[in-house]
Structure formats: structure tokens, C-alpha cells
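Asker: Take a look at the following structure, please.
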Amino acid sequence: MRKNIYVLLLLSLVVFLGSCYSDKGNYDYEDVNEITVDLGGAKYTYVVGNVARLEPNITFATQEIAESELEYNWTLNGEFISDKRVLEFTVEKIASQVECQLRVTNPKTGLTYIGRTAMDFTQKYNLYGWLVLSKDEQASYLNFMTATGTDAQIYEEHLNVYQEQNREVLPKETLGLLEHFRSGGSSSNPSSVWIVNPKADKCVDLEGAAFTKDLVLPDAFLEPGFTDNLKVKQIAELKWLTVVVDQDGKAYTRKKLSEKAFHTGKFLSTPLTFENKEVKVDRFLIIPEMRALNMAFVEGEKGQHQRILALMDYDKQSAGKVLQFTVKQEDYDKNGFYDAPKLDDLLDYEVVYLGYARPRTTGLTDGTYVMTLILKRGSEYLYQEYSVNKASTSNQVTAIPSVNKSIHFGNLLEGAVIYTAPYINNRTYLLIAKGNDLYYIDRMTIDKDPIKMKTFDAEITALNAETSQGNQLGVGLANGKFFVLSLKTEGLGTILGDPDKEEAERYYQVSGRIFDIRYRFKYSNGWT
């Protein structure tokens, strides 16, 4: 009896499986028309108050399906926002890393396919791009050429953003600008921008999301009244330290209470000293990726036994300590520096230029950099390089001299804008702008003649190539034109921008004469 039951069960199972197979054959033999939903894969940035628009790329495995036959469901961080194929909405509040998801459903099959991306909602100027300072007889102007990412080649013009955001004129005496960072910076916690002016009460720090005034320099001093007679020349912002240099070369410092905040601690009215004497800063160099040493500076009277010193920013305790570079005499000797000016004594040479670059054969964060110097005595010009190692303690910074060569294009340097392209791995260019002409020379062949890269329709007044990958060069002209050039080997000198325009037309126009430009990183740039 039990055996008969087993036989009946087995027969029932066979009949059941056969019916399933037959049923599947009735309607499931055809391939499913899979749908792929592509939202681009990148993170999108939209400005608060503007309309965000995102059109998906929808593809089908076998045949097209009409838009009206599909159902759409857009969500932001899980909240429904639209049932249209193309997403459009007005951005209402600041947010970062918002998950955007589109669910596309085919009602005939009941199958749903999903595409995802991320979005940032930010204030109007919380973007990457080029900061451009210009001036005319009436005022100075802060202009911003914005981009949605660091590798952009086309920028959007925003003119006179200081006046627009602060409802006041930027004084024509403005000297320059400086982007600075804090530890823990992010897209929603961006950099700030100093605007430097000879008058302390006109030196302002702009918060980075909207470029509105966050601090006026006197408010950062322990004795604000001290700044009434302070004539500012330069400002340096490091990780732990802020430095203000006056027109006489005296340097005043502020040590921050936290590297995570911009304006903690106060400036003292006592100048910076070294070996019990006030230092006299002629010019300085900020090296963003040298986490232990962030600043080198020319100390002393111009052409009178100047020297190059280091200002430490190793940690909170050592910040503000001044050191001489440690250089071995044997390194000077083997690299031909016998009677040449040296870091601790530049003899009677005048410092024409002080710059820096990444080493030729290494990446961006290995902890060393190349200091470049152009010195002049009479009609003689001298080019020097030093490899500077990241400080391993707060008491020593080691430099190795590597290049000491006479250069024979000194007449080209008179009145020129000189710039060492800082980040370009295996492209070791020194750039020289003289009049309307832009020249370049490989630093490995510095004793050769420079090569003309480009001729513009006005005098070149500013150069900067400190971009994220070192592949772009910003060029500012006296007539207010701003160009972005490629520094890639295969496209060296090509003007970037709108591909629908002729190359000579790919520029951005601002008011007056351009006098300072910086690429805005928004956060980090190796500081944190």
C-alpha cells in the first residue's frame, strides 16, 4: 500500500513539472527586454535657488519602449520628488552627498530597473574654479570663473562677486588674494579667501561658500588699535600659523588654537624674530603639500647678503619657529656651488624670483619639493635649485643643492612675470611672460634659450598653474582678458574653453587690468 502511494506521488510530481514546463513555454520563451538606467555615474553639483535638471540615459536590450509606456519614480534620500522622465526641481537648501535614485518600471512585465547618482546642493560660489583679481581707476574686482569639477575645461563667468555679495566696493589699492584651508575641510565646509590690502581694516577674509566678509584683520589682533598704523604687504596662512608682513618687512604671527578652525587665537604686536633679531621678510613662498614646512622666505635687505629661512608649521608647539636650512658643504661642493651664493648667504645678489615645483620623478605627496631661485648681480643672472626634504622633526629642515647655472636670457627677465609650474610631473617648466609674449623652458635645460609658447593681444600681467593636476595655466592680461592654457605635453599652449569658438576667442573678460589669479581648490590641497 505504502509503495502504491509513493508511485502516485511520483506520477503527480512528473505531471506537475510537465505542466510548469508547458506553461513557461507559453509566454516566457522570449528574451526579457532588459532596461539600463544610466544617470551619469558622477556626482552633480547644483546651486541653491537654481533649477536642477537631470535627464537619464535609458537603453533597452531588444527594442525601444515608448516613454509613455514606462513609469518613473525619482527620490532624493528616499523621498519621492517626481514621476517625470526628466527630473527638474528647484534646489531649496544646502546638502551634500544626497542620493538620487530613479526607478523605471515596465507595467507589462512588472519589472523595475534602478539608476543612482549623488548630488551636492551648495551656495552660489561654493565651487571650483579660477579667482581673478583686476582693477581700474575706480576699484578692484574679484571675479570667479566657476567649474563643477577640478578637471573642467570650460568655466562660467561670475564678475564683481565681492561687490555683489558685500554691497560695497573693493578698494583699488588691493594687493592680492590667498585661498586657505583648515583640517577637516569638505565640499560643505570649504576654504576661505583673504583679500590683501595695505590698510589693515580693508584686509578681509571671505567665507568660502558665498564670499561674504567673515573677518576684518584688526579683529584678529590682541590689540586691534595696533593695526591703525600697520601697512600690510602680504598675508600667509598655514595650518597652525597666520603671518602678516608689513611694508617694512616685519612679520606678525597668530598661532591658532585649533587647526580645524580659521580664526582662533590672536596676533601679537611683537614682530617675528630669529637669533634674537627681528626678521625682515622680503618675500615668502607657501608650499601647500609640505605638511611640516609650509613657508620659506627671503630675509634681509634686497641685494645685501640676504638669506633663505624656513618658518616651521610642524605642529602646534613648533609653529612660528624660524630655522636656517641645513645644507652639507660636501653637497654644495659636488654640485658646483664653490663661490656661489648659498641659502644662508646670498652675497650681494638680488633675489629676482623664488618658486617651487614637485620633483621630476615622483608623485604629488612624497614630502619633498624643489625650491627654485633666480638671482641677479649687475647683468649676471644665476639659476639655482634645491631639493628640500619634509621635516621629520621641528628642529631641522634639510636642503640639497642640485643646480647652479648661469642663464643667458637675462634681458628677457627684466620686468617679466616669472612662474615655476609647481605640480607637473615630468614637465618641469619655467614660464616667463614678457610684454605680450609667453615663453617656456624646461628646467632640465635651463641654460638654453626659452621657447615662445604664445603671443597675446595685450601685456601678460599674471600667471598661475597651481591647479589640481598641474595641467592648466591661467593667464591674465592688462586688457582684462583671462585665458586657460593646457600644460599637458601633447597639448602644450592650447587655449582651453568652448570648442565651438575659435581658439583666440576662448577667453573670459573682466573689468580693468588683471593683477592676481589663483585656482580655487575649495578644500584640502594637501593641507589636511
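Each chain in the C-alpha cells gets a letter, A, B, ..., in the order shown, and its residues are numbered from 1; ligands are numbered from 1 in order too.
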Within 9 Å of region 376-394 of chain A, which residues of region 314-357 of chain A come that close, and what is the closest atom pair and distance in Å for each? Count only C-alpha atoms and give it as CSV.

Answerer:
residue,atom,partner,partner_atom,distance
A:Tyr314,CA,A:Ser394,CA,5.8
A:Asp315,CA,A:Ser394,CA,7.8
A:Gln317,CA,A:Ser394,CA,8.8
A:Ser318,CA,A:Ser394,CA,5.9
A:Ala319,CA,A:Ser394,CA,8.6
A:Lys321,CA,A:Ser394,CA,8.2
A:Phe325,CA,A:Val388,CA,8.7
A:Asp348,CA,A:Arg377,CA,7.0
A:Tyr349,CA,A:Arg377,CA,5.0
A:Glu350,CA,A:Lys376,CA,5.1
A:Val351,CA,A:Lys376,CA,6.5
A:Val352,CA,A:Lys376,CA,6.5
A:Tyr356,CA,A:Glu385,CA,9.0

Asker: Name the residues in contact with Gly129 (chain A) at a cut-off of 10 Å, using only C-alpha atoms, excluding same-chain residues fewer than 3 positions from it; report them as JSON, numbers by chain.

Answerer: {"A": [125, 126, 132, 144, 145, 146, 147, 148, 149, 150, 151, 152, 153, 154, 155, 156, 157, 467, 518, 519, 520, 521, 522]}

Asker: From the options A:Asp83, A:Glu207, A:Glu179, A:Glu173, which residue's atoms come nearest to Glu237 (chain A), counting only C-alpha atoms?

Answerer: A:Glu179

Asker: In Å, rounded to a single decimal, give me how far CA of Asp516 (chain A) is from CA of Tyr141 (chain A).

Answerer: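 Answer for the CA of Tyr141 (chain A) to CA of Asp516 (chain A) separation: 10.6 Å.
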
Asker: Which residue gives the smallest distance to His305 (chain A) among A:Ala465, A:Leu343, A:Leu238, A:Leu76, with only C-alpha atoms counted?

Answerer: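 Looking at the shortest contact to His305 (chain A), the residue is A:Leu343.
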
Asker: Nearest residue to Lys452 (chain A) out of A:Pro341, A:Gly493, A:Gly320, A:Pro218, using only C-alpha atoms?

Answerer: A:Gly493

Asker: Mind listing the helix (DSSP H, G or I) residues of region 141-375 of chain A, per DSSP on the backbone, as a list in words?

Answerer: Val161, Tyr162, Gln163, Glu164, Gln165, Asn166, Ala200, Asp201, Lys202, Leu217, Pro218, Asp219, Ala220, Pro224, Gly225, Phe226, Thr227, Asp228, Asn229, Gln329, Glu330, Asp331, Tyr332, Asp333 and Lys334 of chain A
